[in-house]
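Shown next, in structure tokens, is the structure this report addresses.
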Amino acid sequence: MRITDLMIQETMIMDLQATTKDEAIDELIASLNRSGRINDPVLFKEMIYKREAESSTGIGGGIAMPHAKTTAVNEPTVVFAKSRKGLDFEALDDQPAHVFFMIAAPEGAGNTHLRTLAALSRLLIDSDFISQLMSTDTPAEVSALFDAKQAEAAEKEAAKEKAKAEKAANAASTSTTGQQQNTSGVIVGNANSEDFVVAVTACPTGIAHTFMAEDALKKKAQEMGINIRVETNGSEGAQNVLTADEIARAKGVIVAADKNVEMARFDGKPVLQRPVSDGIRKSEELIRKAVNGDAPIYRSQGGNAKEEGASTGKISVGSKIYKDLMNGISHMLPFVVGGGILLAISFLFEQLASPENPIVQLLQTIGGGTGAFHFLIPVLAGFIAMSIGDRPALMPGMVGGLMAVNSNAGFLGGLAAGFLAGYVVIGLRKLFKGLPKAIDGLKPILLYPVFGLLIVGAISFYVFDPIFGSLNTWLVDALGNLGTGNAVLLGLLLGGMMSIDMGGPFNKAAYTFAIGVFTSSGNTDGAWMAAVMAGGMVPPLAIALATTFFKSKFTEQERKSGLTNYVLGFSFITEGAIPFAAADPLRVLTSCILGSAVAGGLTQLWHINVPAPHGGIFVAALANHALLFLLAVAIGSVISGLILGLWKKSPKLVK
């Protein structure tokens, strides 16, 4: 397939008018939209900026390649554009970008299209070719130049394949360290050189940077007279996979990747872990360091691995925390959605039948506190820990999360236990580093589990649990002493507390207070229950509204999760908002607390009673002022949704 089959002339922009990065992206997307190549410009733009947030696609050398793979694309397309003046695209070399290639790939892009996009990426390493592109004046000239260049590349590849076949036939019985065909690819370099390195390249979308880094490393190795084998982890999966023999013979390993790749196979080798952009722009530095063994030794632990005493590249503390947090949240989401939906259905059946109905009991058992919801905090904590300390940290993290659930330390206690477990395992690695190599195999199956669990469990038991337990007790006592003299003030307080930690000690304290009054104080009309139920319904409903009416502020996955929160909010399942609160606690918690407080206060201002301890909208009909109760929830949800939607930053602003 020709590159020009994707780079159609009608989308080309020969004189880009934009003067900023944002304007350039908008102008390129507009060209795609006019030609009907995309079906949802808003979603496509969101995915472009999501990719930019991971690392700039201004690769340097005057080139920018913004790209996205999404359902918003109808047909695979590459928009070519030129800017004679150039503009700041936050390029890796801090130089202005003059040539732009916006790649639009559909979610189900075929292998032929992906290989064509890879071929395009490899061409852009050639600075002479870029200069020729800059001198073109019409779309036809651009197409002719690409066709000629691709034909030339095809001829060279055919000649190489022929030479490989002849060499393989002539040297079938010999073994060399030079340019010889093997089962997974070709070693590029100098047949007489004993310097040999291996590399892996990968980027999040696997469309462009993966193959540009591969080609840059190969070309630089050829110039330096060094043998190299490069494995690519692109959209089609791993290609030219490194063999165990090649890894064993290599003097060093280069991993130029912005996503996880299989690392345990490099145990004991000098490994350089860098962003994929370094593979493109710092290829000579990486190859030289790999050849000289100027890299930390990689040690595998429990199936995963870490470098000894090395940074894995430039990454901020905030980005690292966010990455670890997202690992926990992404694994927790199925429990929130599955358990929440089943609980909501159980509440509906409970109104039609009774709490003793077998279907109600079954659904509440599966989805509730002894089923899916029982795993929310342990899974969150466990996979946060695993993101930090790999598999040895999973078990102590999950146990710490479970202890948080059982002790009312809740959501915040689970977060603390997850991060604690991850860094405890990292500390244990350093502590046991000096042990004899003969017992390395015991570390992941004995030492890390035992000591990790002991340390995390002890700190959770003696520090986290007492702190949050005491806080819970103090809050219940304080609420009890406050009394009912100022009903609206207490309603504001109870409603707001339901959103502070989404099921944690504050939430539980407010709910426990309402239940206590409801069941034991004679105030069985459910006034305080109305306040906490309204306050607890607001966070998921606010999330749902914000993701619906402020789509550009949320990712595609967040919007899909937001729809589920309509059901969870109507059902009084506050936990549906936990993933959003964990990802952006300042904005989500603040906006939800304000809306929940308003909803709780309104229930007391309007003297609303709800004589039921749970059920949300399914028990609203039992309230003395059902419509006012629903109005209070709606007002609080709209307030929170508006604050969150207006306050939250778009994905493009996340750095």
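Simple scheme: letters A, B, ... for chains in structure tokens order, numbers from 1 for residues in each chain, numbers from 1 for ligands in the order shown.
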
Query raised in the report: Can you list, as a ChimeraX atom specification, every protein, DNA or RNA residue that comes within 7 Å of A:Pro539 when you count only C-alpha atoms, leaving out same-chain residues fewer than 3 positions away?
Result: /A:499,536,542-543,574,577,592

Could you please take those selected residues and save all heavy atoms as a JSON list (two decimals), in the first residue's frame?
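The new file again-v3.json reads:
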```json
[["chain", "number", "residue", "atom", "x", "y", "z"],
["A", 499, "SER", "N", -19.56, 13.38, 51.18],
["A", 499, "SER", "CA", -18.69, 13.49, 50.00],
["A", 499, "SER", "C", -17.22, 13.63, 50.33],
["A", 499, "SER", "O", -16.39, 13.62, 49.42],
["A", 499, "SER", "CB", -19.11, 14.70, 49.15],
["A", 499, "SER", "OG", -20.31, 14.44, 48.47],
["A", 536, "GLY", "N", -25.25, 11.80, 49.79],
["A", 536, "GLY", "CA", -24.54, 10.67, 49.21],
["A", 536, "GLY", "C", -24.88, 10.42, 47.75],
["A", 536, "GLY", "O", -24.09, 9.82, 47.01],
["A", 542, "ALA", "N", -23.33, 14.10, 40.10],
["A", 542, "ALA", "CA", -22.55, 15.26, 39.62],
["A", 542, "ALA", "C", -21.50, 14.82, 38.61],
["A", 542, "ALA", "O", -21.28, 15.50, 37.60],
["A", 542, "ALA", "CB", -21.89, 15.95, 40.81],
["A", 543, "ILE", "N", -20.84, 13.69, 38.88],
["A", 543, "ILE", "CA", -19.86, 13.15, 37.93],
["A", 543, "ILE", "C", -20.53, 12.85, 36.60],
["A", 543, "ILE", "O", -20.02, 13.16, 35.52],
["A", 543, "ILE", "CB", -19.21, 11.88, 38.50],
["A", 543, "ILE", "CG1", -18.38, 12.19, 39.74],
["A", 543, "ILE", "CG2", -18.37, 11.18, 37.44],
["A", 543, "ILE", "CD1", -17.16, 13.02, 39.49],
["A", 574, "THR", "N", -22.57, 6.03, 46.63],
["A", 574, "THR", "CA", -21.58, 7.11, 46.51],
["A", 574, "THR", "C", -20.27, 6.63, 45.92],
["A", 574, "THR", "O", -19.55, 7.39, 45.28],
["A", 574, "THR", "CB", -21.33, 7.74, 47.90],
["A", 574, "THR", "OG1", -22.57, 7.96, 48.56],
["A", 574, "THR", "CG2", -20.60, 9.07, 47.77],
["A", 577, "ALA", "N", -18.26, 7.47, 42.56],
["A", 577, "ALA", "CA", -17.42, 8.65, 42.31],
["A", 577, "ALA", "C", -15.97, 8.44, 42.74],
["A", 577, "ALA", "O", -15.13, 9.31, 42.47],
["A", 577, "ALA", "CB", -18.01, 9.86, 43.03],
["A", 592, "CYS", "N", -17.94, 18.23, 44.90],
["A", 592, "CYS", "CA", -18.96, 17.32, 45.44],
["A", 592, "CYS", "C", -19.36, 17.70, 46.86],
["A", 592, "CYS", "O", -20.55, 17.61, 47.22],
["A", 592, "CYS", "CB", -18.44, 15.88, 45.40],
["A", 592, "CYS", "SG", -18.39, 15.19, 43.73]]
```

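The shell of residues at most 9 Å from stretch 241-248 of chain A, with only C-alpha atoms counted and near chain neighbours (fewer than 6 positions) removed, consists of Thr183, Ser184, Gly185, Phe196, Val197, Val198, Ala199, Val200, Arg229, Val230, Glu231, Thr232, Asn233, Arg265, Phe266 and Lys269 of chain A.
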
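You will find atom CA of A:Ser460 at 15.8 Å from atom CA of A:Ile384.
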
- Message: Env of A:Gly86: 6 Å cut, atoms = only C-alpha atoms, seq-sep filter 2 positions within chain, self excluded. Answer as a PyMOL selection string.
- Response: chain A and resi 83-84+96-98

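Among the candidates A:Glu90, A:Ser640, A:Pro396, A:Lys560, the one nearest to A:Gly496 when counting only C-alpha atoms is A:Ser640.
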
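Going from atom CA of A:Pro106 to atom CA of A:Asp5 covers 15.2 Å.
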
Problem - DSSP strand (DSSP E or B) selection over stretch 30-162 of chain A, as a PyMOL selection string - result: chain A and resi 38+58-60+63-64+67-70+73+77-87+97-106

Atom CA of A:Val588 sits from atom CA of A:Ser637 at a separation of 12.2 Å

Would you pick out the contacts of A:Leu628 at 10 Å or less, using only C-alpha atoms, so that residues sharing its chain but fewer than 4 positions from it are not included, and give the list as a short mmCIF file (atom, residue, chain, number, x, y, z; two decimals) with N, CA and C atoms, in the first residue's frame?
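Wrote around_22.cif, looks like this:
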```cif
data_model
loop_
_atom_site.label_atom_id
_atom_site.label_comp_id
_atom_site.auth_asym_id
_atom_site.auth_seq_id
_atom_site.Cartn_x
_atom_site.Cartn_y
_atom_site.Cartn_z
N LEU A 602 -30.88 21.65 52.17
CA LEU A 602 -32.22 21.86 51.63
C LEU A 602 -33.22 20.85 52.19
N THR A 603 -32.79 19.62 52.45
CA THR A 603 -33.73 18.64 53.01
C THR A 603 -34.23 19.08 54.37
N TRP A 606 -36.56 22.29 54.02
CA TRP A 606 -37.90 21.93 53.55
C TRP A 606 -38.55 20.84 54.40
N HIS A 607 -37.90 20.50 55.53
CA HIS A 607 -38.46 19.54 56.50
C HIS A 607 -38.80 18.20 55.85
N ILE A 608 -37.85 17.66 55.10
CA ILE A 608 -38.06 16.40 54.40
C ILE A 608 -37.66 15.24 55.30
N ALA A 620 -37.66 7.19 47.30
CA ALA A 620 -38.08 8.59 47.35
C ALA A 620 -39.58 8.73 47.58
N ALA A 623 -40.84 9.32 51.08
CA ALA A 623 -40.59 10.60 51.76
C ALA A 623 -41.89 11.38 51.91
N ASN A 624 -41.93 12.25 52.94
CA ASN A 624 -43.13 13.06 53.14
C ASN A 624 -43.27 14.13 52.06
N ALA A 632 -34.03 18.66 45.87
CA ALA A 632 -32.82 18.93 46.65
C ALA A 632 -31.62 18.19 46.06
N VAL A 633 -31.83 16.92 45.70
CA VAL A 633 -30.76 16.13 45.09
C VAL A 633 -30.35 16.74 43.75
N ALA A 634 -31.35 17.15 42.96
CA ALA A 634 -31.06 17.71 41.64
C ALA A 634 -30.27 19.01 41.75
#
```

Near A:Ala597, within 12 Å and counting only C-alpha atoms, which residues show up once chain neighbours fewer than 3 positions away are dropped, as an NGL selection string?
-> :A and (488-500 or 510 or 531-539 or 589-594 or 600-604 or 632-633 or 635-637 or 639-640)

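With only C-alpha atoms as the basis for measurement, A:Lys82 is the residue among A:Lys149, A:Lys551, A:Lys162, A:Lys82 that approaches A:Ala18 most closely.
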
Taking 6 positions as the minimum chain separation for residues in the same chain, which residues sit within 9 Å of A:Ala202 when counting only C-alpha atoms? Answer as a list in words.
His209, Thr210, Phe211, Ala213, Glu231, Thr232, Asn233, Gly234, Val255, Ala256, Ala257, Asp258, Lys259, Asn260, Val261, Pro275 and Val276 of chain A

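Closest approach to A:Ile377 among A:Trp528, A:Pro355, A:Leu362, A:Ile578: A:Ile578, based on only C-alpha atoms.
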
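Across A:Val425, A:Arg249, A:Lys45, A:Asp22, the tightest approach to A:Phe554 is made by A:Lys45 when counting only C-alpha atoms.
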